[in-house]
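**Q** Supplied in structure tokens, the structure appears directly below.
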Amino acid sequence: MSLQTDKREFNERTTDGIGNPFMRNAVSSAQDSLKTRRLSAATTLGDWEQWRTLGQQIRQHTLKHLDYYLGQLADNIEKKGGHIYFAKTKEEASGYIRDIIVQKNAKKIVKSKSMVTEEIEMNHVLMEAGCELTETDLGEYILQMDDWDPPSHIVAPALHKDRTQIQSVFTEKLGYTGDESPENLARFARTVLRQKFLEADVGITGCNFAVANLGAINLVTNEGNGDLTAAIPKTHIAVMGMERIVPTLEEMEVLDNLLCRSAVGQKLTSYISVIGPSAAGETDGPEDFHLVVVDNGRSEILGSEFNEALQCIRCGACLNVCPVYRHIGGHAYGSIYPGPIGAVITPLLGGYDDYKELPFASSLCAACTDVCPVKIPLHEQLILHRQNIVKEKRTGAAERLQMKTAGRLLASQALFGKALRLANPASRLISRHGRIVRGPQLVRGWINARDLSQPVRQQDSFRAWLDKRKGGSGQ
Amino acid sequence: MKVSIFSTCVVDLMTPNVGIAMVQVLERLGCEIDFPASQVCCGQPAYNSGYLEDSKLAMKNMMLAFEHSDYVVGPSGSCIAMFHEYPKIFKGDPQWELKAVALKEKSYEFTQFIVRVLGITDVGASLEGTATYHRSCHMTRLLGERETPFQLLEQVQGLQMEPLKNSDNCCGFGGTFSVKMPEISEQMVDEKCGCVAETGADILISADMGCLLNIGGRLSRKGEPVKIMHIAEVLNHYNPAATKEEAGHEPANG
Amino acid sequence: MTASNKDSFLNLIASKLGRERIYDVQRPGLQVLAPDSYGSLTSDELIDILKEQCFFIHTQVIESNAEILQQTLDDLVAANGGGAVITSGDARFAEYGLKFANASVWEEAAGREQNILRSEAANTAIIFADYALAESGTVVVGSRPDQGRALHFLPAHYIAVIEKKRIVLRSTQAAADLNRRIQAGEPLGSSINFISGPSNSADIEMQLVVGVHGPLRAAYVLI
């Protein structure tokens with residue numbers, strides 16, 4: 001997998017999503033049930049707004065001093081005998097990991113869920129090097145077994161699949177003979193994967209936050225696969241986006257509380273772990289620990305007008321409230337990062353050539369901004385993207401002309417007055433029984449689905465009414 | 001109290017009844033009405049589409065139009081929320097920043113003005129029927145006004161309010177979004193119409209005409225017998241003789 | 001391969017932030033946002049909060065005491081279907097005089113393979129908690145030579161013994177105390193685990209399944 005999951009046009013991907021009733025049903029019921037769970041988990045913290053502000057302050061402080069905290073992290077990891085590698089590009093990151101594995105002659109790799117490893121195309125690189133790689137997060141494992149179907153949600157990657165589809169994947173690929181109950185499917189995966197953990201040479205995990213003063217990484221999971229991945233193999237490689245760091249356990253605690261409650265409506269998930277290289281006398285945990293810190297475009301965002309996007313803690317709450325995501329699903333975004341945050345960061349990491357539609361795939365309802373636990377102004381960032389796309393003349397010439405004309409018209413009483421007088425007579429040509437039935441493309445988009453009356457006759461307008469009663473002034 | 005009406009371009013172009021109702025309610029509550037005629041549009045369509053420079057022309061025109069007003073009141077949470085964005089947009093602009101702040105500080109959405117400035121929740125309206133209310137996203141989240149429409153509707157005699165499921169979800173209007181991404185917008189408005197129909201209400205009320213034209217237009221296309229009413233029209237349902245027009249629209253807004 | 005690209009990487013970050021590298025930062029104090037409603041709680045009140053939360057996270061809570069602890073644990077092991085038991089090498093097992101049939105202990109001398117195989121073969125793991133967090137139903141455990149990481153994850157059932165004096169309200173207090181110990185230079189193990197109930201997943205149709213990679217069931221015994 002890479003950042004890009006689907007090379008087709010945005011419209012094709014959207015049409016696919018809209019035409020997938022199971023996916024839409026799964027997404028909308030997940031959204032509806034998570035809403036209640038998230039709200040109740042949030043209210044038990046007391047003043048949720050204050051917690052969000054605190055989360056935002058922690059993220060902003062850390063980003064503002066990012067070089068300092070990453071330096072401190074590096075020193076502390078090395079003190080404990082671990083290795084840290086700073087990768088500017090995705091090729092550097094996945095190349096470094098491949099080199100470790102080749103050097104160790106490692107063949108069997110277990111992996112827990114990590115979005116950044118998708119971004120650096122690590123799985124592809126390692127499999128090409130001849131490794132047997134197993135995703136151990138249940139959702140990711142299902143996708144892997146289904147010939148690496150792309151994830152559609154950053155927290156629940158297989159959200160778009162139903163139990164019947166999963167049962168048939170397991171039956172076909174793994175010889176599963178049980179029924180379609182989630183318990184039995186999960187129990188079966190447990191048995192298969194348990195063996196993989198025990199045999200693995202190397203474990204690879206992501207990193208929710210690195211803890212700078214401790215020289216350790218924080219993993220937040222429910223399944224326990226992250227801990228097994230890091231504890232059993234003799235080598236542990238953790239991969240993190242360079243911005244995912246906190247000064248101490250105290251900041252981590254605040255962010256983990258925001259993360260768990262926002263992501264899944266739990267106070268804390270089952271397993272929150274802070275781990276590093278194995279310490280003296282300990283018999284499990286990694287003898288060899290590597291942390292790979294990935295830039296891959298992030299330093300271009302740092303300090304830019306999109307800086308706040310780096311505050312993201314990948315909770316997925318914005319996906320869970322987004323009415324657009326609700327109907328088109330994650331795959332329509334064509335990126336491993338879907339939903340509102342995906343529409344903000346995908347164009348930053350992947351460029352406008354492939355992703356110029358994403359910032360427009362939003363009604364700017366601001367539900368995302370409202371729910372973000374670290375207060376990223378998501379809908380405002382989408383508007384900033386739109387401004388850049390317009391500045392770069394990537395919108396159609398016809399649209400640019402319309403906007404220029406409308407800009408003049410809507411700023412001038414005289415021109416608008418003329419438009420008001422002409423609107424109704426002009427619309428007669430395209431109307432029947434008082435309703436508009438034809439028109440240019442923009443109008444068609446509306447009337448394909450909705451009735452639309454003709455504009456009011458000038459003599460019936462509000463302004464005319466005001467004039468008649470002489471209630472208006474300045475006329 | 002002198003109140004400058006900000007009619008909004010949708011009201012100017014499509015739904016005069018809403019402007020008329022708003023004026024009549026405010027006058028009944030003792031306000032003196034003023035209408036600065038040079039006003040046109042708040043600039044939101046172009047701004048939200050990314051055409052910053054084009055949209056600024058409209059915004060500057062509005063700041064000048066209302067420069068001498070004491071209060072600016074409009075029948076749209078979304079358009080008033082746009083006024084509230086002006087200070088951010090003109091931040092650091094020596095000529096316009098202060099004007100932007102001034103406009104923000106004196107601008108209120110219609111129901112907000114009645115409750116928060118006039119301190120009134122019972123305007124003496126009465127309307128027989130069952131209704132549900134659609135909160136507009138911009139009024140709720142950008143303007144931050146979640147209460148005043150409900151406080152006013154609670155006092156309308158004879159009106160029974162039904163809760164709307166998933167009321168936090170956008171109706172799919174989103175200004176130019178509805179025409180730029182019509183396929184997605186249609187799914188959103190369809191779901192919203194389903195929720196409205198589920199309430200069994202005869203009337204759908206909102207404080208934003210954009211949303212109402214969107215949902216109403218779809219309800220009409222689907223043949224759902226639900227009337228749409230702007231909240232100003234509901235609150236003006238006081239003495240039928242006071243208004244020339246029937247307060248309820250046909251669903252198509254005609 | 002140690003920190004090879006560090007300086008160029010961090011220099012670029014500093015330049016994007018519009019300044020030179022910095023080598024000294026005071027982290028701002030954190031506002032304490034514990035919910036007002038908790039106030040100062042008695043030990044019994046903390047236990048009530050813990051019990052209520054454990055109901056939601058599918059974790060059995062049993063109040064026991066030093067005298068009957070052996071019996072309580074034996075009953076739990078039997079309820080899990082008997083089988084092999086693995087415990088940590090915590091000194092408190094001896095202090096409370098605890099002994100189990102068919103049991104092994106995680107110990108440094110056994111080495112990696114042996115400890116992992118014993119844990120994998122065990123039906124029940126029993127450990128003592130370092131801290132317990134009432135609000136989230138969490139036990140906090142650190143790794144040590146006599147208490148490996150996989151011990152908490154491989155056995156099918158998990159029993160944590162919690163001394164009541166170790167219950168604090170929430171993660172805030174545990175994180176602050178741990179951070180105090182880190183800053184005082186106290187060597188901690190390579191892993192600190194905050195464990196809240198059995199493993200679970202909602203990856204199939206967002207339906208909660210209890211027991212995925214880690215323990216299928218969890219129980220807390222309060223003494």
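Ordering of the structure tokens sets the chain letters (A, B, ...); residue numbers start at 1 within each chain; ligands are numbered from 1 in the order shown.
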Using only C-alpha atoms and a distance of at most 7 Å, pull out the residues of chain C that contact chain A, as a ChimeraX atom specification.

**A** /C:2-6,9-10,13-14,16-17,21-23,34-35,108,111-112,136,144-145,148-150,153,171-172,175-176,179,189-201,203-206,209,212-214

**Q** With C-alpha atoms retained, write the just-selected residues as a PDB file, in the first residue's frame.

**A**
```pdb
ATOM      1  CA  THR C   2      22.962   5.130  15.205  1.00  0.00           C
ATOM      2  CA  ALA C   3      21.252   8.498  14.777  1.00  0.00           C
ATOM      3  CA  SER C   4      23.031   8.973  11.492  1.00  0.00           C
ATOM      4  CA  ASN C   5      20.856  11.636   9.948  1.00  0.00           C
ATOM      5  CA  LYS C   6      19.930  13.314  13.179  1.00  0.00           C
ATOM      6  CA  PHE C   9      16.951  16.234  10.078  1.00  0.00           C
ATOM      7  CA  LEU C  10      16.621  18.386  13.173  1.00  0.00           C
ATOM      8  CA  ILE C  13      12.907  21.236  11.384  1.00  0.00           C
ATOM      9  CA  ALA C  14      14.412  24.249  13.132  1.00  0.00           C
ATOM     10  CA  LYS C  16      11.049  25.362   9.004  1.00  0.00           C
ATOM     11  CA  LEU C  17      10.161  26.758  12.409  1.00  0.00           C
ATOM     12  CA  ARG C  21      18.172  24.764  16.864  1.00  0.00           C
ATOM     13  CA  ILE C  22      17.257  25.013  20.540  1.00  0.00           C
ATOM     14  CA  TYR C  23      18.715  22.934  23.313  1.00  0.00           C
ATOM     15  CA  ALA C  34      -9.891  16.129  37.106  1.00  0.00           C
ATOM     16  CA  PRO C  35     -13.674  16.308  37.177  1.00  0.00           C
ATOM     17  CA  GLU C 108      15.288 -14.457  34.623  1.00  0.00           C
ATOM     18  CA  GLY C 111      15.512 -17.308  29.673  1.00  0.00           C
ATOM     19  CA  ARG C 112      13.483 -15.943  26.803  1.00  0.00           C
ATOM     20  CA  SER C 136     -10.910   3.371  33.790  1.00  0.00           C
ATOM     21  CA  ARG C 144      11.074  -6.583  35.411  1.00  0.00           C
ATOM     22  CA  PRO C 145      13.388  -9.587  35.275  1.00  0.00           C
ATOM     23  CA  GLY C 148       8.062 -10.199  31.529  1.00  0.00           C
ATOM     24  CA  ARG C 149       5.922  -8.357  29.057  1.00  0.00           C
ATOM     25  CA  ALA C 150       4.389 -11.362  27.321  1.00  0.00           C
ATOM     26  CA  PHE C 153      -0.681 -11.223  26.966  1.00  0.00           C
ATOM     27  CA  SER C 171      -4.471   7.782  34.870  1.00  0.00           C
ATOM     28  CA  THR C 172      -3.524  11.362  35.761  1.00  0.00           C
ATOM     29  CA  ALA C 175       1.283   9.183  35.047  1.00  0.00           C
ATOM     30  CA  ALA C 176       2.363  11.957  37.399  1.00  0.00           C
ATOM     31  CA  ASN C 179       7.001  10.710  35.657  1.00  0.00           C
ATOM     32  CA  GLY C 189      11.628  -1.519  33.179  1.00  0.00           C
ATOM     33  CA  SER C 190      11.460  -1.468  29.408  1.00  0.00           C
ATOM     34  CA  SER C 191       7.697  -1.570  29.458  1.00  0.00           C
ATOM     35  CA  ILE C 192       4.897   0.055  31.430  1.00  0.00           C
ATOM     36  CA  ASN C 193       1.514  -1.466  30.673  1.00  0.00           C
ATOM     37  CA  PHE C 194      -1.840   0.089  31.442  1.00  0.00           C
ATOM     38  CA  ILE C 195      -4.196  -2.875  31.167  1.00  0.00           C
ATOM     39  CA  SER C 196      -7.966  -2.369  31.270  1.00  0.00           C
ATOM     40  CA  GLY C 197      -9.738  -5.696  31.123  1.00  0.00           C
ATOM     41  CA  PRO C 198      -9.449  -8.472  28.556  1.00  0.00           C
ATOM     42  CA  SER C 199      -8.374  -7.921  24.972  1.00  0.00           C
ATOM     43  CA  ASN C 200     -11.113  -7.026  22.545  1.00  0.00           C
ATOM     44  CA  SER C 201     -11.813  -5.893  19.020  1.00  0.00           C
ATOM     45  CA  ASP C 203     -13.045  -4.747  13.714  1.00  0.00           C
ATOM     46  CA  ILE C 204     -15.880  -6.926  12.412  1.00  0.00           C
ATOM     47  CA  GLU C 205     -18.983  -4.796  11.852  1.00  0.00           C
ATOM     48  CA  MET C 206     -17.993  -2.684  14.871  1.00  0.00           C
ATOM     49  CA  VAL C 209     -15.680  -9.232  20.538  1.00  0.00           C
ATOM     50  CA  VAL C 212      -8.672 -11.433  20.616  1.00  0.00           C
ATOM     51  CA  HIS C 213      -4.889 -11.674  20.840  1.00  0.00           C
ATOM     52  CA  GLY C 214      -4.493 -11.176  24.555  1.00  0.00           C
TER      53      GLY C 214
END
```

**Q** Determine, counting only C-alpha atoms, which protein, DNA and RNA residues have an atom within 10 Å of an atom of B:Cys42; residues of the same chain fewer than 3 positions away are not included. Present the result as a list in words.

**A**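 Residues meeting the cut-off are Leu410 and Ala411 of chain A; Phe6, Thr8, Cys9, Gln39, Pro45, Ala46, Tyr47, Ser55, Lys56, Leu57, Ala58, Met59, Lys60, Asn61, Met62, Met63, Ser78, Cys79, Ile80, Ala81, Met82, Phe83 and Tyr86 of chain B.
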
**Q** Using C-alpha atoms, can you export the residues from the last selection as a short mmCIF file (atom, residue, chain, number, x, y, z; two decimals), in the first residue's frame?

**A**
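In the end it all went to part.cif:
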```
data_model
loop_
_atom_site.label_atom_id
_atom_site.label_comp_id
_atom_site.auth_asym_id
_atom_site.auth_seq_id
_atom_site.Cartn_x
_atom_site.Cartn_y
_atom_site.Cartn_z
CA LEU A 410 -22.56 40.54 -5.60
CA ALA A 411 -20.53 43.56 -4.60
CA PHE B 6 -29.67 42.24 6.20
CA THR B 8 -29.56 38.05 2.24
CA CYS B 9 -29.45 37.41 -1.50
CA GLN B 39 -26.15 45.63 0.68
CA PRO B 45 -20.32 31.37 -2.00
CA ALA B 46 -17.08 32.65 -3.51
CA TYR B 47 -15.17 32.51 -0.21
CA SER B 55 -15.24 37.26 -2.34
CA LYS B 56 -13.55 40.20 -0.66
CA LEU B 57 -15.31 42.61 -3.01
CA ALA B 58 -18.66 41.48 -1.66
CA MET B 59 -17.43 41.59 1.93
CA LYS B 60 -16.10 45.12 1.62
CA ASN B 61 -19.39 46.22 0.10
CA MET B 62 -21.21 44.80 3.14
CA MET B 63 -18.90 46.46 5.66
CA SER B 78 -25.06 31.01 7.90
CA CYS B 79 -24.80 34.53 6.42
CA ILE B 80 -24.42 36.08 9.88
CA ALA B 81 -21.76 33.47 10.69
CA MET B 82 -19.96 34.66 7.55
CA PHE B 83 -19.95 38.23 8.95
CA TYR B 86 -14.65 38.75 8.48
#
```

**Q** Restrict the distance test to only C-alpha atoms, flag each residue of chain B within 6 Å of chain A, and return the flagged residues as JSON, numbers by chain.

**A** {"B": [12, 13, 14, 16, 34, 35, 36, 38, 40, 41, 50, 54, 55, 57, 58, 61, 137, 174, 177, 179, 182, 217, 218, 221, 252, 254]}

**Q** With a distance cut-off of 12 Å and only C-alpha atoms, select the neighbouring residues of C:Ile167, excluding the residue or stretch itself and same-chain residues fewer than 3 positions from it, and output the selection as a short mmCIF file (atom, residue, chain, number, x, y, z; two decimals) with N, CA, C and O atoms, in the first residue's frame.

**A**
```cif
data_model
loop_
_atom_site.label_atom_id
_atom_site.label_comp_id
_atom_site.auth_asym_id
_atom_site.auth_seq_id
_atom_site.Cartn_x
_atom_site.Cartn_y
_atom_site.Cartn_z
N LEU C 41 -11.93 11.46 47.56
CA LEU C 41 -12.69 10.23 47.68
C LEU C 41 -12.08 9.31 48.74
O LEU C 41 -10.86 9.24 48.89
N THR C 42 -12.92 8.59 49.41
CA THR C 42 -12.42 7.60 50.35
C THR C 42 -12.05 6.34 49.57
O THR C 42 -12.43 6.18 48.40
N SER C 43 -11.33 5.45 50.22
CA SER C 43 -10.92 4.21 49.58
C SER C 43 -12.14 3.41 49.11
O SER C 43 -12.15 2.85 48.02
N ASP C 44 -13.20 3.40 49.93
CA ASP C 44 -14.40 2.66 49.54
C ASP C 44 -15.05 3.25 48.30
O ASP C 44 -15.55 2.53 47.44
N GLU C 45 -15.00 4.58 48.24
CA GLU C 45 -15.60 5.23 47.06
C GLU C 45 -14.80 4.91 45.80
O GLU C 45 -15.36 4.68 44.73
N LEU C 46 -13.47 4.89 45.95
CA LEU C 46 -12.64 4.52 44.80
C LEU C 46 -12.96 3.10 44.34
O LEU C 46 -13.06 2.82 43.15
N ILE C 47 -13.16 2.22 45.32
CA ILE C 47 -13.48 0.83 44.97
C ILE C 47 -14.81 0.75 44.23
O ILE C 47 -14.94 0.02 43.25
N ASP C 48 -15.77 1.56 44.67
CA ASP C 48 -17.06 1.56 43.98
C ASP C 48 -16.92 2.02 42.52
O ASP C 48 -17.54 1.45 41.62
N ILE C 49 -16.12 3.04 42.33
CA ILE C 49 -15.91 3.54 40.95
C ILE C 49 -15.25 2.45 40.11
O ILE C 49 -15.64 2.19 38.97
N LEU C 50 -14.24 1.81 40.69
CA LEU C 50 -13.53 0.75 39.98
C LEU C 50 -14.48 -0.39 39.60
O LEU C 50 -14.49 -0.87 38.46
N LYS C 51 -15.30 -0.79 40.55
CA LYS C 51 -16.22 -1.90 40.29
C LYS C 51 -17.20 -1.56 39.18
O LYS C 51 -17.48 -2.38 38.31
N ALA C 129 -0.65 -5.84 40.83
CA ALA C 129 -0.65 -4.54 40.16
C ALA C 129 0.25 -3.55 40.89
O ALA C 129 0.32 -3.57 42.13
N ASP C 130 0.94 -2.69 40.13
CA ASP C 130 1.70 -1.59 40.74
C ASP C 130 0.77 -0.44 41.14
O ASP C 130 0.93 0.17 42.19
N TYR C 131 -0.16 -0.14 40.25
CA TYR C 131 -1.20 0.85 40.54
C TYR C 131 -2.50 0.29 39.97
O TYR C 131 -2.47 -0.53 39.06
N ALA C 132 -3.62 0.77 40.51
CA ALA C 132 -4.90 0.49 39.84
C ALA C 132 -5.62 1.82 39.68
O ALA C 132 -5.54 2.69 40.57
N LEU C 133 -6.27 2.00 38.53
CA LEU C 133 -6.95 3.26 38.23
C LEU C 133 -8.45 3.01 38.27
O LEU C 133 -8.99 2.26 37.45
N ALA C 134 -9.11 3.67 39.25
CA ALA C 134 -10.53 3.38 39.45
C ALA C 134 -11.37 3.76 38.23
O ALA C 134 -12.17 2.98 37.74
N GLU C 135 -11.17 4.96 37.73
CA GLU C 135 -12.07 5.49 36.71
C GLU C 135 -12.11 4.63 35.46
O GLU C 135 -13.15 4.44 34.85
N SER C 136 -10.95 4.12 35.04
CA SER C 136 -10.91 3.37 33.79
C SER C 136 -10.83 1.86 34.00
O SER C 136 -10.77 1.11 33.03
N GLY C 137 -10.81 1.40 35.26
CA GLY C 137 -10.72 -0.04 35.51
C GLY C 137 -9.41 -0.62 35.04
O GLY C 137 -9.37 -1.67 34.40
N THR C 138 -8.32 0.06 35.37
CA THR C 138 -7.01 -0.27 34.80
C THR C 138 -6.05 -0.77 35.88
O THR C 138 -6.04 -0.23 36.99
N VAL C 139 -5.23 -1.76 35.52
CA VAL C 139 -4.08 -2.07 36.38
C VAL C 139 -2.82 -1.63 35.63
O VAL C 139 -2.75 -1.71 34.41
N VAL C 140 -1.86 -1.12 36.39
CA VAL C 140 -0.60 -0.68 35.79
C VAL C 140 0.49 -1.62 36.27
O VAL C 140 0.61 -1.87 37.47
N VAL C 161 -3.98 -9.10 41.06
CA VAL C 161 -4.28 -8.86 42.47
C VAL C 161 -3.96 -7.39 42.76
O VAL C 161 -2.88 -6.90 42.43
N ILE C 162 -4.94 -6.71 43.34
CA ILE C 162 -4.78 -5.27 43.59
C ILE C 162 -4.86 -5.01 45.09
O ILE C 162 -5.88 -5.29 45.73
N GLU C 163 -3.79 -4.52 45.66
CA GLU C 163 -3.86 -4.08 47.04
C GLU C 163 -4.59 -2.74 47.06
O GLU C 163 -4.26 -1.84 46.29
N LYS C 164 -5.57 -2.64 47.94
CA LYS C 164 -6.48 -1.47 47.89
C LYS C 164 -5.74 -0.14 48.00
O LYS C 164 -6.16 0.86 47.43
N ARG C 170 -7.41 8.06 38.78
CA ARG C 170 -7.35 7.90 37.32
C ARG C 170 -5.92 7.92 36.81
O ARG C 170 -4.98 8.09 37.57
N SER C 171 -5.78 7.83 35.50
CA SER C 171 -4.47 7.78 34.87
C SER C 171 -3.62 9.02 35.18
O SER C 171 -2.40 8.93 35.19
N GLN C 173 -3.05 10.52 37.99
CA GLN C 173 -2.21 10.32 39.18
C GLN C 173 -1.08 9.32 38.89
O GLN C 173 0.05 9.53 39.31
N ALA C 174 -1.40 8.26 38.16
CA ALA C 174 -0.37 7.26 37.89
C ALA C 174 0.71 7.84 36.99
O ALA C 174 1.91 7.64 37.23
N TYR C 220 -10.06 -9.04 38.52
CA TYR C 220 -9.26 -8.30 39.50
C TYR C 220 -9.65 -8.77 40.89
O TYR C 220 -10.83 -8.87 41.22
N LEU C 222 -9.34 -7.78 44.80
CA LEU C 222 -8.96 -6.67 45.68
C LEU C 222 -8.63 -7.20 47.07
O LEU C 222 -9.38 -8.00 47.64
N ILE C 223 -7.51 -6.77 47.61
CA ILE C 223 -7.19 -7.16 48.99
C ILE C 223 -6.75 -5.94 49.78
O ILE C 223 -6.31 -4.94 49.21
#
```

**Q** Go through A:Gln103, A:Thr171, A:Glu399, A:Glu199 and flag the residue nearest A:Glu132, using only C-alpha atoms for the distances.

**A**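 Once distances to A:Glu132 are computed over only C-alpha atoms, the minimum belongs to A:Glu199.
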
**Q** As an exercise, work out the distance from atom CA of C:Val25 to atom CA of C:Pro187 in Å and give it to one decimal place.

**A**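 Answer for the atom CA of C:Val25 to atom CA of C:Pro187 separation: 23.5 Å.
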
**Q** What residues in stretch 42-132 of chain B get the DSSP label strand (DSSP E or B)? Please answer as a list in words.

**A**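 So, restricting stretch 42-132 of chain B to strand (DSSP E or B), we get Tyr71, Val72, Val73, Gly74, Ser107, Tyr108, Glu109, Ser126, Leu127, Glu128, Gly129, Thr130, Ala131 and Thr132 of chain B.
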
**Q** Which residues are close to A:Asn123, i.e. within 12 Å by only C-alpha atoms, leaving aside same-chain residues fewer than 5 positions away? Reply as a ChimeraX atom specification.

**A** /A:1-2,93-95,97-98,109-118,128-135,144,148,204

**Q** As JSON, numbers by chain, please: the residues near A:Gly19 (cut-off 12 Å, only C-alpha atoms, same-chain neighbours under 6 positions excluded).

**A** {"A": [12, 13, 25, 327, 328, 329, 332], "B": [183, 184, 187]}

**Q** One decimal, Å: what's the distance from atom CA of C:Gly83 over to atom CA of C:Asn102, could you say?

**A**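 Separating atom CA of C:Gly83 from atom CA of C:Asn102 is a distance of 7.1 Å.
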